[in-house]
file work-v3.tsv (TSV, C-alpha atoms)
chain	number	residue	atom	x	y	z
A	8	MET	CA	-25.62	-55.56	41.65
A	9	ALA	CA	-23.73	-56.61	44.78
A	10	SER	CA	-21.78	-59.84	44.72
A	11	GLY	CA	-21.72	-60.55	48.46
A	12	VAL	CA	-17.92	-60.64	48.45
A	13	ALA	CA	-16.32	-59.53	51.74
A	14	VAL	CA	-13.19	-57.41	52.12
A	15	HIS	CA	-10.40	-58.96	54.20
A	16	ASP	CA	-9.10	-56.87	57.12
A	17	ASP	CA	-5.54	-56.91	55.68
A	18	VAL	CA	-6.80	-54.91	52.69
A	19	VAL	CA	-8.22	-52.20	54.94
A	20	ASN	CA	-5.09	-52.17	57.12
A	21	ILE	CA	-2.82	-51.67	54.10
A	22	PHE	CA	-5.07	-48.93	52.77
A	23	ASN	CA	-4.95	-47.11	56.12
A	24	ALA	CA	-1.16	-47.44	56.24
A	25	MET	CA	-0.86	-45.98	52.73
A	26	LYS	CA	-3.33	-43.20	53.48
A	27	VAL	CA	-1.62	-41.95	56.64
A	28	ARG	CA	2.15	-42.07	56.79
A	29	LYS	CA	3.79	-42.63	60.13
A	30	ALA	CA	6.12	-39.97	61.50
A	31	GLY	CA	9.71	-40.99	60.95
A	32	GLU	CA	8.84	-43.54	58.26
A	33	ALA	CA	11.75	-43.80	55.85
A	34	GLU	CA	10.94	-42.85	52.26
A	35	GLN	CA	12.29	-46.18	50.96
A	36	ASP	CA	9.78	-48.06	53.15
A	37	ARG	CA	6.86	-46.23	51.59
A	38	LEU	CA	4.41	-48.46	49.71
A	39	LYS	CA	3.82	-47.07	46.20
A	40	ALA	CA	1.39	-49.67	44.90
A	41	ILE	CA	-0.35	-52.90	45.81
A	42	LEU	CA	-2.83	-55.20	44.11
A	43	PHE	CA	-5.90	-56.87	45.56
A	44	ARG	CA	-7.64	-59.91	44.12
A	45	LEU	CA	-10.50	-62.26	44.77
A	46	SER	CA	-9.68	-65.25	46.95
A	47	ASN	CA	-9.69	-68.64	45.22
A	48	ASP	CA	-13.19	-69.33	46.51
A	49	GLU	CA	-14.28	-65.84	45.31
A	50	LYS	CA	-15.73	-64.97	48.73
A	51	GLN	CA	-13.21	-62.30	49.80
A	52	ILE	CA	-11.09	-59.54	48.38
A	53	ILE	CA	-7.55	-60.18	49.61
A	54	VAL	CA	-4.03	-58.82	49.16
A	55	ASP	CA	-2.41	-60.24	46.02
A	56	GLU	CA	0.73	-61.68	47.63
A	57	GLY	CA	3.96	-60.48	46.06
A	58	SER	CA	2.35	-57.46	44.41
A	59	GLU	CA	3.66	-54.87	46.86
A	60	LEU	CA	5.82	-52.17	45.30
A	61	HIS	CA	7.86	-50.13	47.78
A	62	VAL	CA	10.05	-47.16	46.94
A	63	ARG	CA	13.09	-49.35	47.84
A	64	ASP	CA	12.12	-51.76	45.02
A	65	LEU	CA	12.72	-49.10	42.37
A	66	GLN	CA	15.98	-48.51	40.57
A	67	PRO	CA	17.31	-44.93	40.41
A	68	GLY	CA	15.61	-43.17	37.49
A	69	GLU	CA	13.18	-46.06	36.92
A	70	ASP	CA	9.78	-45.09	35.53
A	71	ILE	CA	7.51	-45.73	38.53
A	72	PHE	CA	4.35	-45.49	36.46
A	73	LYS	CA	5.52	-48.25	34.08
A	74	ARG	CA	6.51	-50.40	37.04
A	75	VAL	CA	3.05	-50.03	38.59
A	76	VAL	CA	1.40	-50.90	35.26
A	77	GLY	CA	3.72	-53.91	35.01
A	78	LEU	CA	2.16	-55.37	38.16
A	79	LEU	CA	-1.19	-55.89	36.39
A	80	PRO	CA	-1.78	-59.43	35.08
A	81	GLU	CA	-2.37	-59.71	31.35
A	82	LYS	CA	-5.44	-61.95	31.44
A	83	ASP	CA	-7.07	-61.47	34.83
A	84	CYS	CA	-8.74	-58.70	36.80
A	85	ARG	CA	-7.35	-56.88	39.81
A	86	TYR	CA	-7.95	-53.91	42.04
A	87	ALA	CA	-4.98	-51.71	42.81
A	88	LEU	CA	-3.99	-48.83	45.03
A	89	TYR	CA	-1.35	-46.54	43.62
A	90	ASP	CA	0.22	-43.78	45.73
A	91	SER	CA	0.86	-41.24	43.00
A	92	SER	CA	3.12	-38.20	43.27
A	93	TYR	CA	2.48	-35.37	40.87
A	94	GLU	CA	3.05	-31.68	40.54
A	95	THR	CA	0.66	-28.98	39.45
A	96	LYS	CA	1.57	-25.44	38.51
A	97	ASP	CA	0.95	-24.50	42.14
A	98	SER	CA	2.22	-27.36	44.30
A	99	LYS	CA	3.43	-30.93	44.73
A	100	LYS	CA	0.73	-33.44	45.56
A	101	GLU	CA	0.35	-37.06	46.54
A	102	ASP	CA	-2.93	-38.90	46.16
A	103	LEU	CA	-4.06	-42.49	46.28
A	104	VAL	CA	-5.58	-43.74	43.05
A	105	PHE	CA	-7.97	-46.69	43.08
A	106	ILE	CA	-7.62	-48.75	39.92
A	107	MET	CA	-9.98	-51.40	38.65
A	108	TRP	CA	-8.21	-53.49	36.05
A	109	ALA	CA	-10.53	-55.63	33.91
A	110	PRO	CA	-8.70	-56.45	30.67
A	111	GLU	CA	-10.74	-57.33	27.64
A	112	ASN	CA	-9.12	-60.76	27.38
A	113	ALA	CA	-10.08	-61.74	30.96
A	114	PRO	CA	-12.89	-64.29	31.28
A	115	LEU	CA	-16.31	-62.64	31.26
A	116	LYS	CA	-17.33	-64.25	34.56
A	117	ARG	CA	-14.23	-62.77	36.26
A	118	LYS	CA	-14.94	-59.31	34.89
A	119	MET	CA	-18.52	-59.52	36.11
A	120	ILE	CA	-17.65	-60.59	39.65
A	121	TYR	CA	-14.91	-57.94	39.94
A	122	ALA	CA	-17.31	-55.27	38.70
A	123	SER	CA	-20.06	-56.34	41.08
A	124	SER	CA	-17.62	-56.51	44.03
A	125	LYS	CA	-15.99	-53.14	43.46
A	126	ASN	CA	-18.46	-51.18	45.60
A	127	ALA	CA	-17.85	-53.45	48.59
A	128	LEU	CA	-14.15	-52.62	48.37
A	129	ARG	CA	-14.62	-48.92	47.64
A	130	SER	CA	-16.91	-48.54	50.66
A	131	LYS	CA	-14.02	-49.71	52.87
A	132	LEU	CA	-11.45	-47.41	51.22
A	133	THR	CA	-12.81	-44.03	52.25
A	134	GLY	CA	-11.21	-40.80	51.16
A	135	ILE	CA	-9.82	-41.79	47.76
A	136	LYS	CA	-10.18	-38.88	45.35
A	137	PHE	CA	-9.32	-40.65	42.11
A	138	GLU	CA	-10.71	-43.81	40.56
A	139	TRP	CA	-9.53	-45.28	37.29
A	140	GLN	CA	-11.23	-48.09	35.36
A	141	ILE	CA	-8.85	-49.67	32.87
A	142	ASN	CA	-9.78	-52.29	30.28
A	143	GLU	CA	-6.72	-52.50	28.05
A	144	MET	CA	-3.01	-51.74	28.24
A	145	GLY	CA	-3.34	-49.12	25.52
A	146	GLU	CA	-5.26	-46.94	27.98
A	147	ILE	CA	-2.26	-46.79	30.30
A	148	LYS	CA	0.77	-46.83	28.06
A	149	ASP	CA	1.87	-43.51	29.54
A	150	PRO	CA	0.69	-41.34	32.43
A	151	SER	CA	-1.23	-38.90	30.20
A	152	THR	CA	-4.55	-40.66	30.91
A	153	LEU	CA	-3.87	-40.38	34.61
A	154	VAL	CA	-3.01	-36.70	34.19
A	155	GLU	CA	-6.57	-36.15	32.97
A	156	LYS	CA	-7.83	-37.59	36.28
A	157	PHE	CA	-5.62	-35.15	38.20
A	158	GLY	CA	-6.97	-32.10	36.37
A	159	GLY	CA	-5.50	-32.17	32.88
A	160	LYS	CA	-2.34	-31.15	31.09
A	161	GLY	CA	-3.04	-27.48	31.66
A	162	LEU	CA	-2.76	-27.98	35.42
A	163	VAL	CA	-0.44	-30.98	35.93
A	164	VAL	CA	3.20	-30.46	34.97
A	165	SER	CA	4.76	-33.77	36.08
A	166	VAL	CA	3.91	-37.26	37.35
A	167	GLU	CA	6.41	-39.16	39.49
A	168	GLY	CA	9.01	-36.50	38.72
A	169	LYS	CA	8.70	-36.92	34.94
A	170	PRO	CA	7.54	-33.84	32.97
A	171	ILE	CA	4.30	-34.14	31.02
call {"tool": "encode", "arguments": {"input": "work-v3.tsv", "output": "structure tokens"}}
result
Amino acid sequence: MASGVAVHDDVVNIFNAMKVRKAGEAEQDRLKAILFRLSNDEKQIIVDEGSELHVRDLQPGEDIFKRVVGLLPEKDCRYALYDSSYETKDSKKEDLVFIMWAPENAPLKRKMIYASSKNALRSKLTGIKFEWQINEMGEIKDPSTLVEKFGGKGLVVSVEGKPI
């Protein structure tokens, strides 16, 4: 079921900037995660102001995964893009992960409109290899669930520099 919700151009522009890094871009300017939400009138998917997480926002040694999870609101839905760094037995990789956050304690109407609007957003974010639907914090308490998306514990040896 399609909701008829449009995707704001800013969302697509941010996605494209995260997908293709500019030559000479400083590592600390790199965007690690951002949230998108429905506008107040529920007609557009927009950038959730103040939800941007850049590398420069992180403290040395801080758990990036926990910081990204900490951006998600407790009682409302969101879409997120997370620029994940991980290492397999063979190489280091970076991939964008599309997250749909629909917590169980969010209002049913909100969960329904987010679910029915997801395809409109996904159709604008082409080239994302990994999608993650999350319905409760217990599913994301550590990166092990994400490791399964990347190929499993037998293949992935670390996420964001932290051994699995």
call {"tool": "residues_near_point", "arguments": {"input": "work-v3.tsv", "point": "(3.1, -28.9, 43.9)", "cutoff": "12 Å", "atoms": "only C-alpha atoms", "output": "list in words"}}
result
Ser92, Tyr93, Glu94, Thr95, Lys96, Asp97, Ser98, Lys99, Lys100, Glu101, Asp102, Leu162, Val163, Val164, Ser165, Val166, Glu167 and Gly168 of chain A
call {"tool": "atom_distance", "arguments": {"input": "work-v3.tsv", "atom1": "CA of Asn23 in chain A", "atom2": "CA of Thr133 in chain A"}}
result
9.3 Å
call {"tool": "atom_distance", "arguments": {"input": "work-v3.tsv", "atom1": "CA of Phe137 in chain A", "atom2": "CA of Val104 in chain A"}}
result
4.9 Å
call {"tool": "atom_distance", "arguments": {"input": "work-v3.tsv", "atom1": "CA of Gly134 in chain A", "atom2": "CA of Phe105 in chain A"}}
result
10.5 Å
call {"tool": "residues_around", "arguments": {"input": "work-v3.tsv", "residues": "Leu78 in chain A", "least_positions_apart": "3", "cutoff": "9 Å", "atoms": "only C-alpha atoms", "output": "NGL selection string"}}
result
:A and (40-42 or 58-60 or 73-75)
call {"tool": "residues_around", "arguments": {"input": "work-v3.tsv", "residues": "range 126-132 of chain A", "least_positions_apart": "6", "cutoff": "8 Å", "atoms": "all atoms listed in the file", "output": "list in words"}}
result
Ala9, Val12, Ala13, Val14, Val19, Phe22 and Ile52 of chain A
call {"tool": "axis_aligned_box", "arguments": {"input": "work-v3.tsv", "around": "range 47-64 of chain A", "padding_each_side": "6 Å", "output": "lines of an AutoDock Vina configuration file"}}
result
center_x = -1.3
center_y = -58.2
center_z = 47.1
size_x = 40.8
size_y = 34.2
size_z = 17.4
call {"tool": "closest_atom_pairs", "arguments": {"input": "work-v3.tsv", "of": "range 15-81 of chain A", "to": "range 140-154 of chain A", "cutoff": "10 Å", "atoms": "all atoms listed in the file", "output": "JSON lines"}}
result
{"residue": "A:Phe72", "atom": "CA", "partner": "A:Pro150", "partner_atom": "CA", "distance": 6.8}
{"residue": "A:Lys73", "atom": "CA", "partner": "A:Asp149", "partner_atom": "CA", "distance": 7.5}
{"residue": "A:Val76", "atom": "CA", "partner": "A:Ile147", "partner_atom": "CA", "distance": 7.4}
{"residue": "A:Gly77", "atom": "CA", "partner": "A:Met144", "partner_atom": "CA", "distance": 9.8}
{"residue": "A:Leu79", "atom": "CA", "partner": "A:Met144", "partner_atom": "CA", "distance": 9.3}
{"residue": "A:Glu81", "atom": "CA", "partner": "A:Met144", "partner_atom": "CA", "distance": 8.6}
call {"tool": "closest_residue", "arguments": {"input": "work-v3.tsv", "among": "A:Leu88, A:Ala24, A:Val62, A:Ile171", "to": "Arg37 in chain A", "atoms": "all atoms listed in the file"}}
result
A:Val62
call {"tool": "closest_residue", "arguments": {"input": "work-v3.tsv", "among": "A:Lys26, A:Lys39, A:Arg117, A:His15", "to": "Tyr89 in chain A", "atoms": "all atoms listed in the file"}}
result
A:Lys39
call {"tool": "closest_residue", "arguments": {"input": "work-v3.tsv", "among": "A:Arg85, A:Asn20, A:Ser46, A:Glu155", "to": "Ala122 in chain A", "atoms": "all atoms listed in the file"}}
result
A:Arg85
